[in-house]
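my_file_5.pdb (PDB, C-alpha atoms) appears below.
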```
ATOM      1  CA  MET A   1     -51.475-106.382-125.005
ATOM      2  CA  THR A   2     -49.004-107.485-122.363
ATOM      3  CA  ASN A   3     -51.308-110.189-120.961
ATOM      4  CA  ASN A   4     -52.231-111.511-124.421
ATOM      5  CA  LEU A   5     -48.617-111.558-125.492
ATOM      6  CA  ALA A   6     -47.520-113.332-122.326
ATOM      7  CA  ASN A   7     -50.222-115.947-122.901
ATOM      8  CA  ASN A   8     -49.177-116.351-126.543
ATOM      9  CA  LEU A   9     -45.546-116.739-125.512
ATOM     10  CA  ALA A  10     -46.385-119.374-122.899
ATOM     11  CA  ASP A  11     -48.503-121.283-125.428
ATOM     12  CA  ILE A  12     -45.761-121.238-128.084
ATOM     13  CA  LEU A  13     -43.105-122.393-125.629
ATOM     14  CA  ALA A  14     -45.384-125.212-124.474
ATOM     15  CA  ARG A  15     -45.961-126.279-128.074
ATOM     16  CA  ILE A  16     -42.226-126.246-128.776
ATOM     17  CA  ALA A  17     -41.656-128.401-125.697
ATOM     18  CA  ALA A  18     -44.365-130.854-126.765
ATOM     19  CA  ALA A  19     -42.957-131.070-130.298
ATOM     20  CA  ARG A  20     -39.494-131.715-128.892
ATOM     21  CA  LYS A  21     -40.864-134.505-126.721
ATOM     22  CA  ALA A  22     -42.520-136.109-129.747
ATOM     23  CA  ALA A  23     -39.448-135.788-131.973
ATOM     24  CA  ILE A  24     -37.165-138.765-132.515
ATOM     25  CA  ASN A  25     -34.001-136.674-132.719
ATOM     26  CA  PRO A  26     -34.701-133.127-131.557
ATOM     27  CA  ALA A  27     -31.934-130.555-131.399
ATOM     28  CA  PRO A  28     -30.229-130.169-128.013
ATOM     29  CA  ALA A  29     -32.252-126.951-127.649
ATOM     30  CA  THR A  30     -34.831-125.088-129.722
ATOM     31  CA  HIS A  31     -34.828-121.298-129.457
ATOM     32  CA  LEU A  32     -37.778-119.060-130.194
ATOM     33  CA  VAL A  33     -36.868-116.110-132.407
ATOM     34  CA  ALA A  34     -39.623-113.519-131.909
ATOM     35  CA  VAL A  35     -40.074-111.883-135.304
ATOM     36  CA  SER A  36     -40.697-108.240-134.471
ATOM     37  CA  LYS A  37     -40.954-106.861-138.003
ATOM     38  CA  THR A  38     -43.377-103.868-137.920
ATOM     39  CA  VAL A  39     -43.903-104.379-134.169
ATOM     40  CA  SER A  40     -43.615-101.162-132.175
ATOM     41  CA  GLU A  41     -41.052-100.636-129.437
ATOM     42  CA  GLU A  42     -43.954-100.892-126.979
ATOM     43  CA  GLY A  43     -44.829-104.342-128.314
ATOM     44  CA  ILE A  44     -41.234-105.493-128.089
ATOM     45  CA  ARG A  45     -41.005-104.222-124.522
ATOM     46  CA  ALA A  46     -44.118-106.250-123.695
ATOM     47  CA  ALA A  47     -42.377-109.354-125.007
ATOM     48  CA  LEU A  48     -39.283-108.493-122.986
ATOM     49  CA  ALA A  49     -41.433-108.070-119.874
ATOM     50  CA  ALA A  50     -42.842-111.564-120.521
ATOM     51  CA  GLY A  51     -39.320-112.983-120.584
ATOM     52  CA  GLN A  52     -38.510-113.154-124.303
ATOM     53  CA  ARG A  53     -34.920-112.161-125.143
ATOM     54  CA  LEU A  54     -34.290-113.347-128.713
ATOM     55  CA  PHE A  55     -35.714-111.262-131.557
ATOM     56  CA  GLY A  56     -35.527-111.293-135.345
ATOM     57  CA  GLU A  57     -35.821-108.331-137.688
ATOM     58  CA  ASN A  58     -36.065-108.307-141.469
ATOM     59  CA  ARG A  59     -34.629-104.875-142.227
ATOM     60  CA  VAL A  60     -31.524-103.172-140.925
ATOM     61  CA  GLN A  61     -33.050 -99.688-141.004
ATOM     62  CA  GLU A  62     -36.140-100.685-139.024
ATOM     63  CA  ALA A  63     -34.017-102.459-136.428
ATOM     64  CA  GLN A  64     -31.776 -99.408-136.082
ATOM     65  CA  ALA A  65     -34.818 -97.332-135.185
ATOM     66  CA  LYS A  66     -35.948 -99.683-132.401
ATOM     67  CA  PHE A  67     -33.188-101.764-130.907
ATOM     68  CA  PRO A  68     -30.206 -99.650-129.790
ATOM     69  CA  GLN A  69     -32.081 -98.383-126.716
ATOM     70  CA  LEU A  70     -33.699-101.761-126.107
ATOM     71  CA  LYS A  71     -30.301-103.452-126.163
ATOM     72  CA  ALA A  72     -28.986-100.829-123.759
ATOM     73  CA  ASP A  73     -31.917-101.460-121.401
ATOM     74  CA  TYR A  74     -31.697-105.261-121.729
ATOM     75  CA  PRO A  75     -28.036-106.298-122.071
ATOM     76  CA  ASP A  76     -29.037-109.940-122.528
ATOM     77  CA  LEU A  77     -31.252-109.154-125.548
ATOM     78  CA  GLU A  78     -30.109-111.024-128.669
ATOM     79  CA  LEU A  79     -30.976-109.726-132.130
ATOM     80  CA  HIS A  80     -30.895-111.715-135.381
ATOM     81  CA  LEU A  81     -31.212-110.399-138.924
ATOM     82  CA  ILE A  82     -33.532-112.765-140.770
ATOM     83  CA  GLY A  83     -34.109-110.723-143.935
ATOM     84  CA  PRO A  84     -31.862-110.197-146.958
ATOM     85  CA  LEU A  85     -28.763-108.073-146.399
ATOM     86  CA  GLN A  86     -27.394-105.671-148.992
ATOM     87  CA  THR A  87     -23.633-105.224-149.003
ATOM     88  CA  ASN A  88     -24.009-101.459-148.470
ATOM     89  CA  LYS A  89     -25.705-102.188-145.120
ATOM     90  CA  VAL A  90     -23.043-104.557-143.781
ATOM     91  CA  LYS A  91     -21.388-101.957-141.544
ATOM     92  CA  GLU A  92     -24.669-101.094-139.797
ATOM     93  CA  ALA A  93     -25.800-104.712-139.608
ATOM     94  CA  ALA A  94     -22.535-105.956-138.129
ATOM     95  CA  ALA A  95     -22.647-103.273-135.449
ATOM     96  CA  LEU A  96     -26.237-104.009-134.361
ATOM     97  CA  PHE A  97     -27.013-107.692-134.905
ATOM     98  CA  ASP A  98     -25.664-110.575-132.864
ATOM     99  CA  CYS A  99     -26.395-113.031-135.662
ATOM    100  CA  ILE A 100     -27.112-112.708-139.388
ATOM    101  CA  GLN A 101     -29.171-115.612-140.715
ATOM    102  CA  SER A 102     -29.228-114.512-144.361
ATOM    103  CA  LEU A 103     -25.732-114.958-145.743
ATOM    104  CA  ASP A 104     -26.393-116.122-149.300
ATOM    105  CA  ARG A 105     -23.540-115.116-151.614
ATOM    106  CA  ILE A 106     -19.776-114.889-151.794
ATOM    107  CA  ARG A 107     -19.766-111.122-152.248
ATOM    108  CA  LEU A 108     -21.659-110.721-148.967
ATOM    109  CA  ALA A 109     -19.252-113.060-147.202
ATOM    110  CA  ASP A 110     -16.363-110.924-148.461
ATOM    111  CA  ALA A 111     -18.077-107.751-147.201
ATOM    112  CA  LEU A 112     -18.692-109.270-143.767
ATOM    113  CA  ALA A 113     -15.073-110.385-143.522
ATOM    114  CA  ALA A 114     -13.857-106.922-144.529
ATOM    115  CA  GLU A 115     -16.081-105.301-141.884
ATOM    116  CA  ARG A 116     -14.808-107.723-139.248
ATOM    117  CA  ASP A 117     -11.241-106.828-140.147
ATOM    118  CA  ARG A 118     -12.066-103.107-140.110
ATOM    119  CA  SER A 119     -14.195-102.830-136.974
ATOM    120  CA  GLY A 120     -13.895-106.098-135.110
ATOM    121  CA  HIS A 121     -17.650-106.691-135.406
ATOM    122  CA  ALA A 122     -18.297-110.299-136.416
ATOM    123  CA  PRO A 123     -21.901-111.457-135.972
ATOM    124  CA  ARG A 124     -22.521-115.189-135.961
ATOM    125  CA  LEU A 125     -23.747-116.398-139.349
ATOM    126  CA  PHE A 126     -26.273-118.764-140.877
ATOM    127  CA  ILE A 127     -26.397-119.385-144.619
ATOM    128  CA  GLN A 128     -29.867-118.997-146.104
ATOM    129  CA  VAL A 129     -30.590-121.817-148.558
ATOM    130  CA  ASN A 130     -33.237-121.395-151.240
ATOM    131  CA  THR A 131     -34.456-124.978-150.900
ATOM    132  CA  GLY A 132     -37.346-124.401-153.306
ATOM    133  CA  GLU A 133     -35.068-122.748-155.891
ATOM    134  CA  GLU A 134     -37.561-119.895-156.199
ATOM    135  CA  PRO A 135     -36.186-117.165-158.484
ATOM    136  CA  GLN A 136     -37.827-114.349-156.515
ATOM    137  CA  LYS A 137     -36.513-115.496-153.136
ATOM    138  CA  ALA A 138     -33.193-114.809-151.440
ATOM    139  CA  GLY A 139     -30.901-117.649-150.491
ATOM    140  CA  VAL A 140     -28.097-119.598-152.080
ATOM    141  CA  LEU A 141     -29.121-122.391-154.431
ATOM    142  CA  PRO A 142     -28.403-125.838-153.006
ATOM    143  CA  SER A 143     -25.986-126.534-155.857
ATOM    144  CA  ASP A 144     -23.922-123.491-154.827
ATOM    145  CA  LEU A 145     -23.902-124.189-151.094
ATOM    146  CA  ASP A 146     -20.637-126.158-151.028
ATOM    147  CA  ALA A 147     -18.710-123.262-152.566
ATOM    148  CA  LEU A 148     -20.224-120.689-150.206
ATOM    149  CA  VAL A 149     -19.533-122.776-147.095
ATOM    150  CA  ALA A 150     -15.944-123.328-148.211
ATOM    151  CA  HIS A 151     -15.482-119.618-148.937
ATOM    152  CA  ALA A 152     -16.931-118.536-145.578
ATOM    153  CA  ARG A 153     -14.683-120.987-143.769
ATOM    154  CA  ALA A 154     -11.631-119.839-145.712
ATOM    155  CA  LEU A 155     -12.402-116.318-144.531
ATOM    156  CA  LYS A 156     -12.706-117.675-140.962
ATOM    157  CA  LEU A 157     -16.216-116.277-140.614
ATOM    158  CA  PRO A 158     -18.236-117.539-137.610
ATOM    159  CA  LEU A 159     -20.527-119.835-139.608
ATOM    160  CA  GLU A 160     -22.940-121.738-137.354
ATOM    161  CA  GLY A 161     -25.851-123.059-139.362
ATOM    162  CA  LEU A 162     -28.359-122.959-142.190
ATOM    163  CA  MET A 163     -31.699-121.218-142.628
ATOM    164  CA  CYS A 164     -34.565-121.760-145.067
ATOM    165  CA  ILE A 165     -38.023-120.463-145.941
ATOM    166  CA  PRO A 166     -39.907-123.193-147.834
ATOM    167  CA  PRO A 167     -42.235-122.190-150.678
ATOM    168  CA  ALA A 168     -45.600-121.185-149.230
ATOM    169  CA  ALA A 169     -47.507-123.683-151.388
ATOM    170  CA  ASP A 170     -45.257-126.656-150.603
ATOM    171  CA  ASP A 171     -45.333-129.249-147.854
ATOM    172  CA  ALA A 172     -42.596-127.925-145.600
ATOM    173  CA  ALA A 173     -41.452-131.345-144.387
ATOM    174  CA  PRO A 174     -39.236-132.231-147.382
ATOM    175  CA  HIS A 175     -37.581-128.804-147.177
ATOM    176  CA  PHE A 176     -36.858-129.212-143.468
ATOM    177  CA  ALA A 177     -35.484-132.712-144.067
ATOM    178  CA  PHE A 178     -33.312-131.407-146.908
ATOM    179  CA  LEU A 179     -31.917-128.564-144.800
ATOM    180  CA  LEU A 180     -31.097-131.021-142.007
ATOM    181  CA  LYS A 181     -29.272-133.247-144.520
ATOM    182  CA  LEU A 182     -27.286-130.276-145.860
ATOM    183  CA  ALA A 183     -26.343-129.103-142.370
ATOM    184  CA  ARG A 184     -25.118-132.552-141.386
ATOM    185  CA  ALA A 185     -23.098-132.834-144.594
ATOM    186  CA  HIS A 186     -21.301-129.605-143.751
ATOM    187  CA  GLY A 187     -20.894-130.201-140.021
ATOM    188  CA  LEU A 188     -23.178-127.324-139.043
ATOM    189  CA  ASP A 189     -25.098-127.641-135.788
ATOM    190  CA  HIS A 190     -27.781-124.971-136.109
ATOM    191  CA  LEU A 191     -30.957-124.981-138.190
ATOM    192  CA  SER A 192     -33.267-121.979-138.445
ATOM    193  CA  MET A 193     -36.516-123.213-139.933
ATOM    194  CA  GLY A 194     -40.205-123.088-139.158
ATOM    195  CA  MET A 195     -42.537-120.144-138.676
ATOM    196  CA  SER A 196     -45.919-119.581-137.048
ATOM    197  CA  GLY A 197     -47.733-122.119-139.216
ATOM    198  CA  ASP A 198     -45.236-124.958-139.175
ATOM    199  CA  PHE A 199     -42.798-124.529-136.296
ATOM    200  CA  GLU A 200     -43.843-127.739-134.548
ATOM    201  CA  LEU A 201     -43.009-129.705-137.698
ATOM    202  CA  ALA A 202     -39.652-127.921-137.908
ATOM    203  CA  VAL A 203     -38.865-128.881-134.316
ATOM    204  CA  LYS A 204     -39.434-132.532-135.189
ATOM    205  CA  PHE A 205     -36.830-132.179-137.951
ATOM    206  CA  GLY A 206     -34.230-130.767-135.581
ATOM    207  CA  ALA A 207     -34.758-126.998-135.714
ATOM    208  CA  THR A 208     -32.552-125.125-133.271
ATOM    209  CA  HIS A 209     -34.292-121.826-134.055
ATOM    210  CA  VAL A 210     -37.930-121.224-135.010
ATOM    211  CA  ARG A 211     -38.950-117.785-136.274
ATOM    212  CA  ILE A 212     -42.388-116.803-134.994
ATOM    213  CA  GLY A 213     -44.157-113.512-135.519
ATOM    214  CA  SER A 214     -47.926-113.561-135.950
ATOM    215  CA  ALA A 215     -48.555-116.370-133.444
ATOM    216  CA  LEU A 216     -46.805-114.252-130.829
ATOM    217  CA  PHE A 217     -47.578-110.631-131.704
ATOM    218  CA  GLY A 218     -50.796-111.147-133.666
ATOM    219  CA  VAL A 219     -51.477-110.701-137.358
ATOM    220  CA  ARG A 220     -50.055-107.446-138.679
ATOM    221  CA  ALA A 221     -51.368-105.419-141.567
TER
END
```
How does this structure look as structure tokens?
Amino acid sequence: MTNNLANNLADILARIAAARKAAINPAPATHLVAVSKTVSEEGIRAALAAGQRLFGENRVQEAQAKFPQLKADYPDLELHLIGPLQTNKVKEAAALFDCIQSLDRIRLADALAAERDRSGHAPRLFIQVNTGEEPQKAGVLPSDLDALVAHARALKLPLEGLMCIPPAADDAAPHFAFLLKLARAHGLDHLSMGMSGDFELAVKFGATHVRIGSALFGVRA
């Protein structure tokens, strides 16, 4: 597994570099977020051995079972929450994650601010935007983004960027372009967009973070 993973990682990084070279206005840097959802600790350690240090998890509980020891063993490991966050998990999430990419509502912003004031834990934040306005998907609606950005800034939360997951059936390009436009309008420098099937396209639209799971770890059941 280690050799295959190292080869996959090298291939992905080369493809990111090539996409950046072809882009008209790439981000100053594009970071690979290794999506380790359902990946065992052994698999994550293989990625760490290959040099990967930035990981993304979808669920707080799963991350709690895997990452405390890994973070102790690798102090430079960075962990992002890329799945929806319930307000009753804010305490645990703020203690474990370096960045939460799924802020999507005022109530959650309030809970994160309260936890910061209580514990001092203040992960960096991205707002997840539901660019396809899909009713079953997390993320703030574009029409509500202005209010959420203003609220987060009033609370002095460490808001850095925007994140999106385009509808699976759509051409991702318009969604990436839209997210870039929204980020620029709000003076946000970071864009988390693009996954295993479309990360090169996302890089061309200025992605600073691409979230890649299956292309790195293999298809999971």
Let me know the residues the PyMOL selection byres ((chain A and resi 26-38) around 9) catches in the file above, as number ranges by chain. A: 12-13, 16-17, 19-25, 39-40, 43-44, 47, 52-59, 62-63, 79-80, 82, 189-191, 203-214, 216-217, 220-221
Pairwise distance for atom CA of A:Ala202 and atom CA of A:Thr131, rounded to one decimal in Å: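 Interatomic distance, atom CA of A:Ala202 to atom CA of A:Thr131: 14.3 Å.
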Within 9 Å of A:Met163 using only C-alpha atoms, minus same-chain residues under 5 positions, as a ChimeraX atom specification: /A:82,101-102,126-130,139,179,190-193,209
Pull C-alpha atoms from the residues just selected and write them as a PDB file, keeping the file's coordinate frame.
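Dumped to result-v1.pdb:
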```pdb
ATOM      1  CA  ILE A  82     -33.532-112.765-140.770  1.00  0.00           C
ATOM      2  CA  GLN A 101     -29.171-115.612-140.715  1.00  0.00           C
ATOM      3  CA  SER A 102     -29.228-114.512-144.361  1.00  0.00           C
ATOM      4  CA  PHE A 126     -26.273-118.764-140.877  1.00  0.00           C
ATOM      5  CA  ILE A 127     -26.397-119.385-144.619  1.00  0.00           C
ATOM      6  CA  GLN A 128     -29.867-118.997-146.104  1.00  0.00           C
ATOM      7  CA  VAL A 129     -30.590-121.817-148.558  1.00  0.00           C
ATOM      8  CA  ASN A 130     -33.237-121.395-151.240  1.00  0.00           C
ATOM      9  CA  GLY A 139     -30.901-117.649-150.491  1.00  0.00           C
ATOM     10  CA  LEU A 179     -31.917-128.564-144.800  1.00  0.00           C
ATOM     11  CA  HIS A 190     -27.781-124.971-136.109  1.00  0.00           C
ATOM     12  CA  LEU A 191     -30.957-124.981-138.190  1.00  0.00           C
ATOM     13  CA  SER A 192     -33.267-121.979-138.445  1.00  0.00           C
ATOM     14  CA  MET A 193     -36.516-123.213-139.933  1.00  0.00           C
ATOM     15  CA  HIS A 209     -34.292-121.826-134.055  1.00  0.00           C
TER      16      HIS A 209
END
```
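Across A:Glu160, A:Leu155, A:Leu145, A:Leu201, the tightest approach to A:Ala177 is made by A:Leu201 when counting all atoms listed in the file.
In this model, the gap between atom CA of A:Ala169 and atom CA of A:Gly132 comes to 10.4 Å.
Selection result for the displayed file, with the PyMOL selection byres ((chain A and resi 115) around 12) as criterion, is Thr87, Asn88, Lys89, Val90, Lys91, Glu92, Ala93, Ala94, Ala95, Leu108, Ala109, Asp110, Ala111, Leu112, Ala113, Ala114, Arg116, Asp117, Arg118, Ser119, Gly120, His121, Ala122, Pro123, Leu155 and Leu157 of chain A.
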Quote the spacing between atom CA of A:Ala10 and atom CA of A:Ala168 in Å to one decimal place.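 Between these atoms lies a distance of 26.4 Å.
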Taking the point (-36.4, -102.0, -124.2) as given in the file, collect each protein or nucleic acid residue that comes within 12 Å of it, counting all atoms listed in the file, and present the set as an MDAnalysis selection string. chainID A and resid 40:49 51:53 55 66:78
Can you spell out as a PDB file with C-alpha atoms, in the coordinates of the input the set of residues that the PyMOL selection byres ((chain A and resi 150) around 12) selects in the structure I just provided?
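The resulting part_33.pdb:
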```pdb
ATOM      1  CA  ARG A 105     -23.540-115.116-151.614  1.00  0.00           C
ATOM      2  CA  ILE A 106     -19.776-114.889-151.794  1.00  0.00           C
ATOM      3  CA  ALA A 109     -19.252-113.060-147.202  1.00  0.00           C
ATOM      4  CA  ILE A 127     -26.397-119.385-144.619  1.00  0.00           C
ATOM      5  CA  ASP A 144     -23.922-123.491-154.827  1.00  0.00           C
ATOM      6  CA  LEU A 145     -23.902-124.189-151.094  1.00  0.00           C
ATOM      7  CA  ASP A 146     -20.637-126.158-151.028  1.00  0.00           C
ATOM      8  CA  ALA A 147     -18.710-123.262-152.566  1.00  0.00           C
ATOM      9  CA  LEU A 148     -20.224-120.689-150.206  1.00  0.00           C
ATOM     10  CA  VAL A 149     -19.533-122.776-147.095  1.00  0.00           C
ATOM     11  CA  HIS A 151     -15.482-119.618-148.937  1.00  0.00           C
ATOM     12  CA  ALA A 152     -16.931-118.536-145.578  1.00  0.00           C
ATOM     13  CA  ARG A 153     -14.683-120.987-143.769  1.00  0.00           C
ATOM     14  CA  ALA A 154     -11.631-119.839-145.712  1.00  0.00           C
ATOM     15  CA  LEU A 155     -12.402-116.318-144.531  1.00  0.00           C
ATOM     16  CA  LYS A 156     -12.706-117.675-140.962  1.00  0.00           C
ATOM     17  CA  LEU A 157     -16.216-116.277-140.614  1.00  0.00           C
ATOM     18  CA  LEU A 159     -20.527-119.835-139.608  1.00  0.00           C
ATOM     19  CA  HIS A 186     -21.301-129.605-143.751  1.00  0.00           C
ATOM     20  CA  GLY A 187     -20.894-130.201-140.021  1.00  0.00           C
TER      21      GLY A 187
END
```
Could you check which of A:Phe199, A:Arg184, A:Lys137, A:Leu5 is closest to A:Ala172, using all atoms listed in the file?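 Using all atoms listed in the file, A:Ala172 sits closest to A:Phe199.
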